[in-house]
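Novice: What follows is a structure written as structure tokens; I'll ask about it next.
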Amino acid sequence: MAVVLGIETSCDETAASVVDDDFHVLSSVIESSIDQHRAFGGVVPELAGRAHVATIGPVVRRALNDAGLDAHDPGIAGIAVTSGPGLIGSLLVGLSAAKAYALAWGVPFVGVNHLEGHLFAPLLEQSDLEWPLLTLLVSGGHSLIVLQSGPGHHEVLGETIDDAAGEAYDKVARWLGLGYPGGPEIDRLAQQGTPGKLKLPVSMTGTDFDLSFSGLKTAVVRATQKQRDVAVADVAASFQAAVAEQLLRKLRRAMEKYEVRGVALAGGVAANSALRAGVIRLAQEFGVISHLPSMVMCTDNAAMIAAAGIYRLKSDGPSPMELSARPNWQLEDVT
Ligand code: KG4
Ligand code: ZN
């Protein structure tokens with residue numbers, strides 16, 4: 001059975017994983033430099049890049065060892081590495097490492113789009129995936145609604161016109177004096193509060209499936225300045241309800257327009273309790289299967305990159321050694 005090594009370094013996670021061509025995860029190692037960024041309220045690119053340089057070698061070695069492979073001569077079929085989008089200095093560390101290993105071991109490597117990687121994550125946990133599949137991909141850097149007719153075949157129906165959903169969570173958390181990243185804490189508080197106590201608009205941009213969150217963040221700031229007596233838990237609950245409502249309304253719109261057999265969540269915000277509950281309800285209502293990956297598959301990892309790489313190596317073949325990082329590589333441009 002052929003196995004592929006995946007490498008992911010697009011943001012603050014340094015990750016490596018070995019996956020076989022039946023999409024079984026043989027190992028998955030994730031190290032994060034998040035503790036170094038907390039004090040700054042966001043990922044500091046310079047610090048992230050330095051951390052990747054220090055960590056990439058040991059992380060790859062551990063992933064190979066955990067999969068029972070010889071780290072000097074692992075006998076793998078290829079290497080998949082995130083080549084964009086992401087922080088340029090961070091991407092270059094993973095890409096350079098992948099090229100060096102490819103040369104040393106005499107194996108092909110392929111550059112993978114990070115967002116396409118997220119779309120492959122459900123395949124690693126659920127073998128009963130139903131196509132066509134509608135995926136809501138929401139993270140700290142991206143928010144998209146994607147229609148997939150099969151693995152590797154996707155159409156972006158809509159995306160955020162300003163902030164990503166996770167970014168809005170992090171900014172509102174910062175305004176409320178909560179820690180970074182803010183999503184988990186707002187989600188926790190929201191479950192103790194009452195939605196609607198803070199009067200917020202649900203943003204519905206004109207175009208069919210596009211999303212928008214920056215107006216909502218500003219609305220939270222304005223409303224909390226006006227309604228000073230609203231408890232933090234109620235602010236969190238009101239904000240969370242407004243985010244979920246926008247995302248679920250758009251998803252419903254897409255399900256009404258396109259006949260799909262499954263609906264999936266991906267990205268760090270897929271951990272959100274309101275979103276998960278809403279997607280399960282929506283799937284039941286439309287009689288389709290819901291795919292809610294485990295947390296470790298929602299957030300950045302290298303197994304999903306290896307999975308996308310297995311597909312790309314088969315369909316497109318290896319990348320050239322000259323391949324450069326593409327910090328702004330759009331999912332629409334992956335064909
Ligand atoms: O995918 P991810 O780990 O990193 C990238 O952005 O690529 O996503 C992190 C984002 C952060 O903005 C964080 O606040 C958000 O996901 N997040 C959540 C929850 N858990 C993490 N947002 C809402 N509810 C959560 N439970
Ligand atoms: Zn990601």
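Naming works like this for the structure tokens: A, B, ... for the chains as they're shown, residue 1 at the start of each chain, ligands 1 onward in shown order.
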Write as a ChimeraX atom specification the residues around ligand 1, taking 7 Å as the cut-off and counting only C-alpha atoms and all ligand atoms.

Specialist: /A:11,139-142,166-167,169-170,181-184,186-187,267-273,298-300

Novice: Return as number ranges by chain every polymer residue, whether protein, DNA or RNA, with at least one atom no more than 12 Å from an atom of ligand 2; count only C-alpha atoms and all ligand atoms.

Specialist: A: 8-13, 15, 82, 84-87, 113-121, 137-144, 164, 166, 266-270, 296-302, 304-305

Novice: Run DSSP on the backbone and grab whatever in segment 92-303 of chain A lands in helix (DSSP H, G or I); send it over as an NGL selection string.

Specialist: :A and (92-105 or 114-124 or 165-175 or 183-190 or 214-226 or 232-257 or 268-271 or 273-286 or 295-298 or 303)

Novice: Point out the residue among A:His153, A:Arg62, A:Arg249, A:Arg188 with the least atom-to-atom distance to Glu332 of chain A, counting only C-alpha atoms.

Specialist: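 Smallest distance to Glu332 of chain A is found for A:His153.
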
Novice: Run DSSP on the backbone and tell me which residues of segment 106-286 of chain A come out as strand (DSSP E or B); list them as a tab-separated table (two decimals) with N, CA and C atoms, in the first residue's frame.

Specialist:
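Okay, selection11.tsv is ready:
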```tsv
chain	number	residue	atom	x	y	z
A	109	PHE	N	7.10	15.32	-5.02
A	109	PHE	CA	6.33	16.11	-4.06
A	109	PHE	C	5.29	16.92	-4.83
A	110	VAL	N	4.23	17.30	-4.10
A	110	VAL	CA	3.17	18.10	-4.74
A	110	VAL	C	2.74	19.22	-3.80
A	111	GLY	N	2.58	20.43	-4.36
A	111	GLY	CA	2.08	21.57	-3.58
A	111	GLY	C	0.56	21.49	-3.52
A	112	VAL	N	0.01	21.65	-2.31
A	112	VAL	CA	-1.43	21.50	-2.10
A	112	VAL	C	-2.01	22.82	-1.61
A	113	ASN	N	-3.22	23.14	-2.09
A	113	ASN	CA	-3.93	24.30	-1.59
A	113	ASN	C	-4.51	23.98	-0.21
A	133	LEU	N	-21.85	17.35	-2.31
A	133	LEU	CA	-21.68	17.73	-0.91
A	133	LEU	C	-21.52	19.25	-0.81
A	134	LEU	N	-22.22	19.82	0.14
A	134	LEU	CA	-22.11	21.25	0.39
A	134	LEU	C	-21.26	21.43	1.64
A	135	THR	N	-20.18	22.21	1.55
A	135	THR	CA	-19.32	22.39	2.72
A	135	THR	C	-19.25	23.85	3.13
A	136	LEU	N	-19.46	24.09	4.41
A	136	LEU	CA	-19.25	25.41	4.97
A	136	LEU	C	-17.87	25.39	5.62
A	137	LEU	N	-16.93	26.12	5.02
A	137	LEU	CA	-15.54	26.14	5.49
A	137	LEU	C	-15.30	27.46	6.20
A	138	VAL	N	-15.22	27.40	7.52
A	138	VAL	CA	-15.11	28.63	8.32
A	138	VAL	C	-13.94	28.53	9.30
A	143	SER	N	-13.81	32.07	5.06
A	143	SER	CA	-15.21	31.68	5.22
A	143	SER	C	-15.79	31.49	3.83
A	144	LEU	N	-16.09	30.24	3.48
A	144	LEU	CA	-16.59	29.93	2.14
A	144	LEU	C	-17.72	28.92	2.19
A	145	ILE	N	-18.60	29.00	1.19
A	145	ILE	CA	-19.58	27.95	0.97
A	145	ILE	C	-19.19	27.28	-0.35
A	146	VAL	N	-18.92	25.98	-0.28
A	146	VAL	CA	-18.37	25.27	-1.44
A	146	VAL	C	-19.27	24.10	-1.83
A	147	LEU	N	-19.52	23.97	-3.12
A	147	LEU	CA	-20.29	22.83	-3.64
A	147	LEU	C	-19.30	21.85	-4.27
A	148	GLN	N	-19.31	20.60	-3.81
A	148	GLN	CA	-18.40	19.60	-4.36
A	148	GLN	C	-19.20	18.50	-5.06
A	149	SER	N	-18.80	18.20	-6.29
A	149	SER	CA	-19.48	17.09	-6.98
A	149	SER	C	-18.76	15.78	-6.69
A	150	GLY	N	-17.54	15.86	-6.17
A	150	GLY	CA	-16.75	14.69	-5.80
A	150	GLY	C	-15.41	15.19	-5.28
A	153	HIS	N	-13.34	18.13	-6.95
A	153	HIS	CA	-14.18	18.88	-7.89
A	153	HIS	C	-15.07	19.82	-7.10
A	154	HIS	N	-14.71	21.09	-7.10
A	154	HIS	CA	-15.45	22.02	-6.26
A	154	HIS	C	-15.78	23.31	-6.98
A	155	GLU	N	-16.84	23.94	-6.50
A	155	GLU	CA	-17.23	25.25	-7.01
A	155	GLU	C	-17.49	26.12	-5.80
A	156	VAL	N	-16.81	27.29	-5.74
A	156	VAL	CA	-17.03	28.20	-4.62
A	156	VAL	C	-18.31	28.98	-4.90
A	157	LEU	N	-19.33	28.77	-4.06
A	157	LEU	CA	-20.60	29.47	-4.28
A	157	LEU	C	-20.56	30.87	-3.69
A	158	GLY	N	-19.87	31.03	-2.57
A	158	GLY	CA	-19.80	32.34	-1.94
A	158	GLY	C	-18.69	32.38	-0.92
A	159	GLU	N	-18.25	33.58	-0.60
A	159	GLU	CA	-17.23	33.71	0.45
A	159	GLU	C	-17.36	35.06	1.13
A	160	THR	N	-16.61	35.26	2.18
A	160	THR	CA	-16.76	36.51	2.91
A	160	THR	C	-16.23	37.68	2.08
A	211	LEU	N	-20.73	36.19	2.24
A	211	LEU	CA	-20.87	36.37	3.68
A	211	LEU	C	-20.21	37.67	4.10
A	262	GLY	N	-25.24	15.59	0.94
A	262	GLY	CA	-24.56	15.74	2.22
A	262	GLY	C	-24.22	17.19	2.49
A	263	VAL	N	-24.06	17.52	3.77
A	263	VAL	CA	-23.64	18.87	4.15
A	263	VAL	C	-22.54	18.72	5.21
A	264	ALA	N	-21.44	19.46	5.03
A	264	ALA	CA	-20.28	19.29	5.91
A	264	ALA	C	-19.82	20.62	6.49
A	265	LEU	N	-19.17	20.53	7.64
A	265	LEU	CA	-18.51	21.69	8.24
A	265	LEU	C	-17.01	21.46	8.22
A	266	ALA	N	-16.22	22.51	8.04
A	266	ALA	CA	-14.76	22.40	8.08
A	266	ALA	C	-14.17	23.70	8.62
```

Novice: Identify, on the basis of only C-alpha atoms, every residue whose closest approach to Ala80 of chain A does not exceed 12 Å; exclude the query and any residue fewer than 5 positions from it along the same chain; express the result as a ChimeraX atom specification.

Specialist: /A:3-9,15-19,94-95,97-99,101-102,107-114,117,302-314,317-319

Novice: Just the residues within 10 Å of segment 174-180 of chain A, please, counting only C-alpha atoms, with nothing from its chain fewer than 6 positions along; format it as JSON, numbers by chain.

Specialist: {"A": [34, 35, 37, 38, 39, 40, 41, 42, 43, 168, 186, 217, 220, 221, 224, 232, 235, 236]}

Novice: Suppose we keep C-alpha atoms; can you now write the selection as a PDB file, in the first residue's frame?

Specialist:
```
ATOM      1  CA  ILE A  34      -0.059  29.683  19.632  1.00  0.00           C
ATOM      2  CA  ASP A  35       1.300  30.309  23.158  1.00  0.00           C
ATOM      3  CA  HIS A  37       1.145  34.717  19.951  1.00  0.00           C
ATOM      4  CA  ARG A  38      -1.457  35.023  22.729  1.00  0.00           C
ATOM      5  CA  ALA A  39       0.006  38.191  24.234  1.00  0.00           C
ATOM      6  CA  PHE A  40      -0.280  39.894  20.831  1.00  0.00           C
ATOM      7  CA  GLY A  41      -3.943  38.985  20.248  1.00  0.00           C
ATOM      8  CA  GLY A  42      -3.154  37.300  16.924  1.00  0.00           C
ATOM      9  CA  VAL A  43      -0.540  35.270  15.056  1.00  0.00           C
ATOM     10  CA  ALA A 168     -14.936  38.239  13.859  1.00  0.00           C
ATOM     11  CA  ILE A 186     -17.321  33.178  23.367  1.00  0.00           C
ATOM     12  CA  LYS A 217     -18.396  43.237  14.829  1.00  0.00           C
ATOM     13  CA  VAL A 220     -21.399  44.648  18.801  1.00  0.00           C
ATOM     14  CA  VAL A 221     -19.075  47.529  19.687  1.00  0.00           C
ATOM     15  CA  THR A 224     -22.397  47.405  23.998  1.00  0.00           C
ATOM     16  CA  VAL A 232     -20.904  39.490  28.864  1.00  0.00           C
ATOM     17  CA  VAL A 235     -23.349  39.707  24.532  1.00  0.00           C
ATOM     18  CA  ALA A 236     -21.625  36.435  23.601  1.00  0.00           C
TER      19      ALA A 236
END
```
